[in-house]
Amino acid sequence: GPLSERRLMDVRLGELPAWLATCDLSPQGLLGGVWKACNSYYDKYINVKRGGPAGISMLLAGYCLLSYGWNYQHIKCHRWRKYH
Amino acid sequence: VLHATRLLHTTRQSLAPLPPLPEKGGEVRYGLIPEEFFQFLYPKTGVTGPYMLGTGLLLYLLSKEIYVINHETVAAACILSVIIYGVKKYGSDVAAFADKLNEEKVAKALAVKNEAIKDLETAIEQEKKEQWRVEGCSYLFDAKRNNVAMLLETNYRERLMTVYNEVKKRLDYQVAMQNLKRQKEQDHMIQWVEKNVVQSITPQQQKESIAKCILDLKALSKTAQAAV
């Protein structure tokens with residue numbers, strides 16, 4: 001289909017800038033995009049009849065990675081070796 | 001009059017009934033990495049591609065100490081092992097319990113729906129019965145009209161009877177009056193005549209009549225004596 005209506009996963013790498021140009025980058029548009037992403041994640045992994053640990057475990061793993069990233073400058077001081 | 005052809009939902013999409021939830025969520029391998037990632041890498045690298053990628057990434061992060069091993073690593077390892085042990089051991093039980101709760105909720109909602117449907121069906125039947133009754137209304141009204149006509153007729157006849165009786169009573173009264181008057185006049189006349197006759201009998205007439213009676217009696221006694 002036309003470029004503006006495709007989802008992010010269906011856009012090829014070469015078309016990425018063009019796709020970014022077509023999407024709505026105002027605050028409302030970004031918020032709407034975030035809201036849609038959340039809803040699609042929920043519908044895929046959490047709002048099911050027989051879900052497993054996958055839904056929240058992925059969220060927790062993402063949170064772990066994020067917090068590691070935020071605290072990286074502090075953790076860098078606890079390295080074992082100076083030169084890698 | 002209910003216009004059945006008018007659309008009930010005027011908005012574009014009605015919110016009910018919702019489609020049912022999917023049975024299982026998206027496939028996730030090892031609880032962390034969605035299956036789509038493995039499928040994405042499969043055409044270029046086969047089955048072992050993602051694992052190689054993972055191993056290489058891990059070794060790179062460790063060797064360059066982008067991931068630093070410290071007390072938090074030990075804590076994370078302990079916590080993760082406990083969590084995984086717990087999930088593996090009690091996962092199915094918890095799942096069954098949650099399924100049971102869900103079942104109860106759905107059953108309650110279904111019961112409410114069935115109740116509502118049954119009530120509506122009984123209401124429909126009663127409505128149909130009422131419609132059938134309406135058809136018999138004409139007979140009912142005929143019977144009522146007949147009743148009313150009967151009442152009117154009886155009332156009319158009663159009043160006719162009372163009129164007749166009243167008139168008869170008045171006429172009887174008149175007749176009785178006339179009879180009484182005639183009788184009184186008769187009596188009065190007889191009395192008056194008697195009174196006058198008795199008055200007219202003068203003493204001399206009385207003596208003459210008594211003498212005549214004696215003479216008659218004597219004559220009679222002579223004949224009677226003769227007979228004896």
# chains A, B, ... in the order shown; residues from 1 in each chain; ligands from 1

call {"tool": "residues_around", "arguments": {"residues": "Tyr45 of chain A", "least_positions_apart": "3", "cutoff": "9 Å", "atoms": "only C-alpha atoms", "output": "list in words"}}
result
Ser40, Tyr41, Tyr42, Val48, Gly51, Gly52, Ala54, Gly55 and Ile56 of chain A; Lys24, Gly25, Gly26 and Glu27 of chain B

call {"tool": "write_last_selection", "arguments": {"atoms": "N, CA and C atoms", "output": "PDB file, in the first residue's frame"}}
result
ATOM      1  N   SER A  40      -1.289  -1.955  20.908  1.00  0.00           N
ATOM      2  CA  SER A  40      -1.004  -3.147  20.115  1.00  0.00           C
ATOM      3  C   SER A  40      -0.202  -4.156  20.940  1.00  0.00           C
ATOM      4  N   TYR A  41       0.729  -3.653  21.776  1.00  0.00           N
ATOM      5  CA  TYR A  41       1.488  -4.583  22.644  1.00  0.00           C
ATOM      6  C   TYR A  41       0.548  -5.317  23.595  1.00  0.00           C
ATOM      7  N   TYR A  42      -0.375  -4.520  24.219  1.00  0.00           N
ATOM      8  CA  TYR A  42      -1.315  -5.130  25.154  1.00  0.00           C
ATOM      9  C   TYR A  42      -2.163  -6.189  24.461  1.00  0.00           C
ATOM     10  N   VAL A  48      -5.190 -11.637  26.443  1.00  0.00           N
ATOM     11  CA  VAL A  48      -5.532 -12.915  25.817  1.00  0.00           C
ATOM     12  C   VAL A  48      -6.139 -13.803  26.884  1.00  0.00           C
ATOM     13  N   GLY A  51      -2.729 -16.254  28.756  1.00  0.00           N
ATOM     14  CA  GLY A  51      -1.397 -15.671  28.589  1.00  0.00           C
ATOM     15  C   GLY A  51      -0.409 -16.399  29.460  1.00  0.00           C
ATOM     16  N   GLY A  52       0.885 -16.094  29.252  1.00  0.00           N
ATOM     17  CA  GLY A  52       1.902 -16.739  30.075  1.00  0.00           C
ATOM     18  C   GLY A  52       2.737 -15.670  30.738  1.00  0.00           C
ATOM     19  N   ALA A  54       5.168 -14.310  29.447  1.00  0.00           N
ATOM     20  CA  ALA A  54       5.853 -13.527  28.411  1.00  0.00           C
ATOM     21  C   ALA A  54       5.473 -12.056  28.480  1.00  0.00           C
ATOM     22  N   GLY A  55       4.183 -11.767  28.754  1.00  0.00           N
ATOM     23  CA  GLY A  55       3.709 -10.392  28.667  1.00  0.00           C
ATOM     24  C   GLY A  55       4.492  -9.463  29.581  1.00  0.00           C
ATOM     25  N   ILE A  56       4.465  -9.763  30.915  1.00  0.00           N
ATOM     26  CA  ILE A  56       5.130  -8.861  31.849  1.00  0.00           C
ATOM     27  C   ILE A  56       6.622  -9.069  31.858  1.00  0.00           C
TER      28      ILE A  56
ATOM     29  N   LYS B  24      -4.425 -17.544  22.643  1.00  0.00           N
ATOM     30  CA  LYS B  24      -3.057 -17.455  23.138  1.00  0.00           C
ATOM     31  C   LYS B  24      -2.402 -16.191  22.628  1.00  0.00           C
ATOM     32  N   GLY B  25      -1.481 -15.628  23.408  1.00  0.00           N
ATOM     33  CA  GLY B  25      -0.783 -14.415  22.983  1.00  0.00           C
ATOM     34  C   GLY B  25       0.279 -14.737  21.950  1.00  0.00           C
ATOM     35  N   GLY B  26       1.047 -13.713  21.597  1.00  0.00           N
ATOM     36  CA  GLY B  26       2.108 -13.934  20.617  1.00  0.00           C
ATOM     37  C   GLY B  26       3.158 -14.886  21.163  1.00  0.00           C
ATOM     38  N   GLU B  27       3.726 -15.663  20.274  1.00  0.00           N
ATOM     39  CA  GLU B  27       4.713 -16.660  20.716  1.00  0.00           C
ATOM     40  C   GLU B  27       5.978 -15.964  21.188  1.00  0.00           C
TER      41      GLU B  27
END

call {"tool": "interface_residues", "arguments": {"of": "chain B", "to": "chain A", "cutoff": "8 Å", "atoms": "only C-alpha atoms", "output": "ChimeraX atom specification"}}
result
/B:21-26,28,31-33,63-66,68-70,95,99

call {"tool": "select_by_dssp", "arguments": {"residues": "chain A", "states": "helix (DSSP H, G or I)", "output": "number ranges by chain"}}
result
A: 3-5, 8-10, 13-22, 27-45, 54-70, 72-78

call {"tool": "atom_distance", "arguments": {"atom1": "atom CA of Leu20 of chain A", "atom2": "atom CA of Arg7 of chain A"}}
result
11.1 Å

call {"tool": "atom_distance", "arguments": {"atom1": "atom CA of Phe37 of chain B", "atom2": "atom CA of Val82 of chain B"}}
result
27.2 Å

call {"tool": "atom_distance", "arguments": {"atom1": "atom CA of Pro43 of chain B", "atom2": "atom CA of Leu58 of chain B"}}
result
23.0 Å
